[in-house]
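**Q** Mind looking over this structure? Questions follow.
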Amino acid sequence: MRSSDFSVDAVSFWVGAGAASAFWVMIGLARPLLKQIRENWQKKREEATLRGSKTIESHHRENILRKAQGMHLAAPLFSLDEILLEPRLLAPPPQIAMNEDDSTNQDQTNLTVPYLPQDSTLAAFYQTETLTIPEALSGGTNLALVGDAGVGKTVALAYIASLIAKRDPSMGALAESVPFLLHVADLSLTDKEPKDILDPIIEFIVEDASLFNAPRLPQFARLSFSNGKALLLLDGLDELPPSEIERTVLYLARLLKTYPKTRIITTASLEYLDKLTRLNFVPLTIQRWNAAKQQEFLNKWGNLWKKHVSLEAWVQTGPEQVDPVLLNTWLSIKAESLSPLELTLKTWGAYAGDGRGATALNAIETHLRRLAPEDIPFEALEMLAMQATLTTKPIFDSRKAHDWIKSFEPPEEIPLEEEIEVEKEEGEEEGEAENNDSETLSMPKRGLLEKMAQSGLLVEHRNHQMRFAHPIFAGYLAGKSLSNYNVDERLTGQPFWSGKTLTMHYLASAGDVASALADSLLRMPDPVLERNLIGMGKWLRDAPRKSTWRGKVLTSLAKLLQDDTQPLGLRGQIIAALARSGDPSVTALFRQLLQSESVYVVQLAALGSGLMRDKKAVQPLEETFHRIQNTYTISAVALALAAIGTDAALNALATALMQGEENLRRAAAEAFANHPAEGWATLKEALEIDDILVRRSAIYGLARVNESWAKDLLALVQVEDSEWAVRDVAASILEKAQNKTLRTPHKLPPPSESPWLIAFAGKQGMGIPAGSPATDILLLALKSEDADEQLSALAYLRRTPSEGVINALYHVMYGSSIKLREAVFLALVEIAASGVILPEPQSYGLA
């Protein structure tokens, strides 16, 4: 066609252009409608999926609740909800808010008793501030529940699982979360990365589900994680050696990267956390039971035993039952040094009539023999535990473990030779190297391991994995076994982990056989943290008094206790260990140290004297009121007098409340709060006294009484007291009680989004790039003259522990600020737990 034949009709052109424009205008107008239709369709599809998963979620929650109710030692007797005491967590030091002055109404007791995340003995005894688990979770962080073995970490995890499974409203927004409760052994992690990060979790819950629910669980689990509703509750991380912890933490890091809205709560040990804190996990310590909690537990046990267990045939045919009141009175004598696990086992033995003695060691031995099948030599249990410890395999392959105790197998229970030969032939035909080992990995038909698992002494997991029912059982048995051998570097050369710590503890309970071990550990340097020495201090309670190594350990502890260059956070652990030892020489040492010229030594000695309820210390404690004016020292003395609780001690406190200086009056009032029998009545009466200082002090004391009547009294004082200064203190106390955000852990924002750090960097003429750790700016803030800026910088620097950071932290810790020294020490505890080896202070020119 020639170009001259081509033409465009103007009318047609404009009609077409108009139609096209109208079409696109209509499309543009309809686009929001189409988007809404698409969103509605997706929403309906999700709702249909959720409706389909509602039934499976209900079954899943029921399974979680059933499992959680059995996750405690006394599960054969009672459900968790029947015997549970609500777990409490030590409240960490307040998170610093810039330009906020919260010191006036701060509980003086919390500032007097050192915060010891490694050991909650002092905190529980002197009743420092705690958090409920819902309060601890309200800040949006992931939690690592820490504490000594036997303090109740697994029970706390089961308690959380039960609350979530029941959608308990106390859990707030988390009540609608979907719980996934596993032991770390259930993940069956290997060095090979799973194809899908959820596969290990899904494989376990499917295997544990009914045939009807199993096919629908994978989709339900994936939906729960993808929509941010999943709450992973992971038990057993505290039982692992460092290499296994690293593997598990790497898995958790990948899980959080894929599903960042997932919340995780795990059990852990401050001996090794790997990179948990860098994943925004906050370590919080489970509080031990004090005397009041122990009595509450004993009363519960006695009532439940009388109502349910005493009617069973095995009890009726056993020893004659003793009145629970008499039993509980005997059990409460010198019980405060016992962990919840030890008290539970001792109580069980007393009520069942099979107890082998009054000590914690006797209670553990009784329970192990109660669980162990009669036809299994106790030496076989000891050998199994020893091999698991020496090979750092607390979760072991049952096929390999068979070889460890093969010599104890009765002949009739060893697999038939024909079965072994068949396996060997199959391996030769297939030519696979792994099958050539089938002879050593073959399982006995009715072997010892199977019997131990059936008795409850061992727990079975997927892929032939097994473990002892509690790490204390493994440590006790391993320690007994090793007492027959020379301990060598196979144990001492291991890194810090709970299996090693427990084994050495129970080995030391055998007495002089641990002398070489003690000498070896005393020679091992552990700068700043002194974990070997603190660990040996914990041996003292269970070791024979005539053990030759005790003197060396006591001398080393006493020397370190008096060194004022050391943090109170370190020396407080020494006080707790010495007091738990029950050694008469310790009370004399504390009385001697009350005469020290150091206010910090006196503060610690007073706390120790109170912890041991040393009646002979009352007079030197009272004299300290007239000799020392330091606020925290006189507060420690007042707390000790209230703990001792004799007439002379309480009279000294009453005199201090009525006649002392203002700080002393307040210290006495807060101490009276720890003595319900007489202290509470004294505080009530003090509100009626025509002395403004007495009434103000009484308010501080009543603020520490966690009873509804105390809050009612404060509310009344807030309105009716004649002095505004008294009314104002009452109002401030009530307001503070409603707001625990200062001590609730919160997720740290990235440095580039932290308001205070941005402002600080601006003053220095610097910027903070997104994603930068901002280490240089934070180090500048650490050197600031503003304590709030220093403490806020520390919260970030503890997560990036380079050599330069540790150098700076050392110089601050050995500087003049006591407050910063304690904060840096806590940071170094976490840094060491992440795997960093702390250098000697001398390497930085420090004494």
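Residue numbers start at 1 in each chain; chains themselves are named A, B, ... in the order of the structure tokens; ligands are numbered from 1 in the order shown.
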Find the spatial neighbours of A:Ser332, counting only C-alpha atoms, within a cut-off of 9 Å - ignore same-chain residues fewer than 5 positions away - and output them as a PyMOL selection string.

**A** chain A and resi 291+294-295+298+327

**Q** Got a sec: who's within 6 Å of stretch 695-697 of chain A, counting only C-alpha atoms, leaving out chain neighbours fewer than 2 positions off, as a VMD selection string?

**A** chain A and resid 665 to 666 669 686 to 687 692 to 693 699 to 700 726

**Q** Residues within 10 Å of A:Glu803, please, as a list in words. Count only C-alpha atoms; anything in the same chain fewer than 4 positions from it doesn't count.

**A**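 The filter keeps Asn807, Ala808, Leu809, Val836, Leu838 and Pro839 of chain A.
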
**Q** For each of A:Val249, A:Val315, A:Ala230, A:Ile777, take the minimum atom-to-atom distance to A:Phe760, counting only C-alpha atoms, then give the residue where this is smallest.

**A**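 With only C-alpha atoms as the atom set, the closest residue is A:Ile777.
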
**Q** Could you write out, as a PyMOL selection string, all the residues of stretch 490-644 of chain A that DSSP marks as helix (DSSP H, G or I)?

**A** chain A and resi 490-492+498-508+512-523+531-539+550-561+568-581+584-593+599-611+615-627+631-644

**Q** Could you check the closest approach to A:Asn110 for each of A:Glu129, A:Asp786, A:Asp148, A:Glu662 and tell me which residue wins, using only C-alpha atoms?

**A**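 Selected residue with least distance to A:Asn110: A:Glu129.
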
**Q** Name all residues at most 8 Å from A:Ala668 (count only C-alpha atoms; drop same-chain ones fewer than 6 positions away) and give them as number ranges by chain.

**A** A: 635, 638-639, 653-654, 656-657

**Q** May I ask which of the residues A:Ile56, A:Ala253, A:Leu273, A:Leu116 is the closest one to A:Ile574, counting only C-alpha atoms?

**A** A:Leu116

**Q** Leaving out A:Glu489 and any residue of its chain fewer than 6 positions from it, which residues lie within 12 Å of it when counting only C-alpha atoms, given as a CSV table (one decimal) with C-alpha atoms, in the first residue's frame?

**A**
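What ended up in out.csv:
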chain,number,residue,atom,x,y,z
A,390,LEU,CA,33.3,-37.5,80.3
A,391,THR,CA,32.2,-37.6,76.7
A,495,PRO,CA,34.8,-25.9,79.3
A,500,LYS,CA,30.9,-30.7,84.6
A,516,ALA,CA,43.6,-33.1,93.9
A,517,LEU,CA,40.7,-31.6,92.0
A,520,SER,CA,43.9,-28.1,90.4
A,521,LEU,CA,41.0,-25.6,90.3

**Q** Just checking: using only C-alpha atoms, which residue out of A:Leu181, A:Leu826, A:Arg467, A:Ser483 ends up closest to A:Arg66?

**A**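 Checking each candidate against A:Arg66, we get A:Leu181 as the closest.
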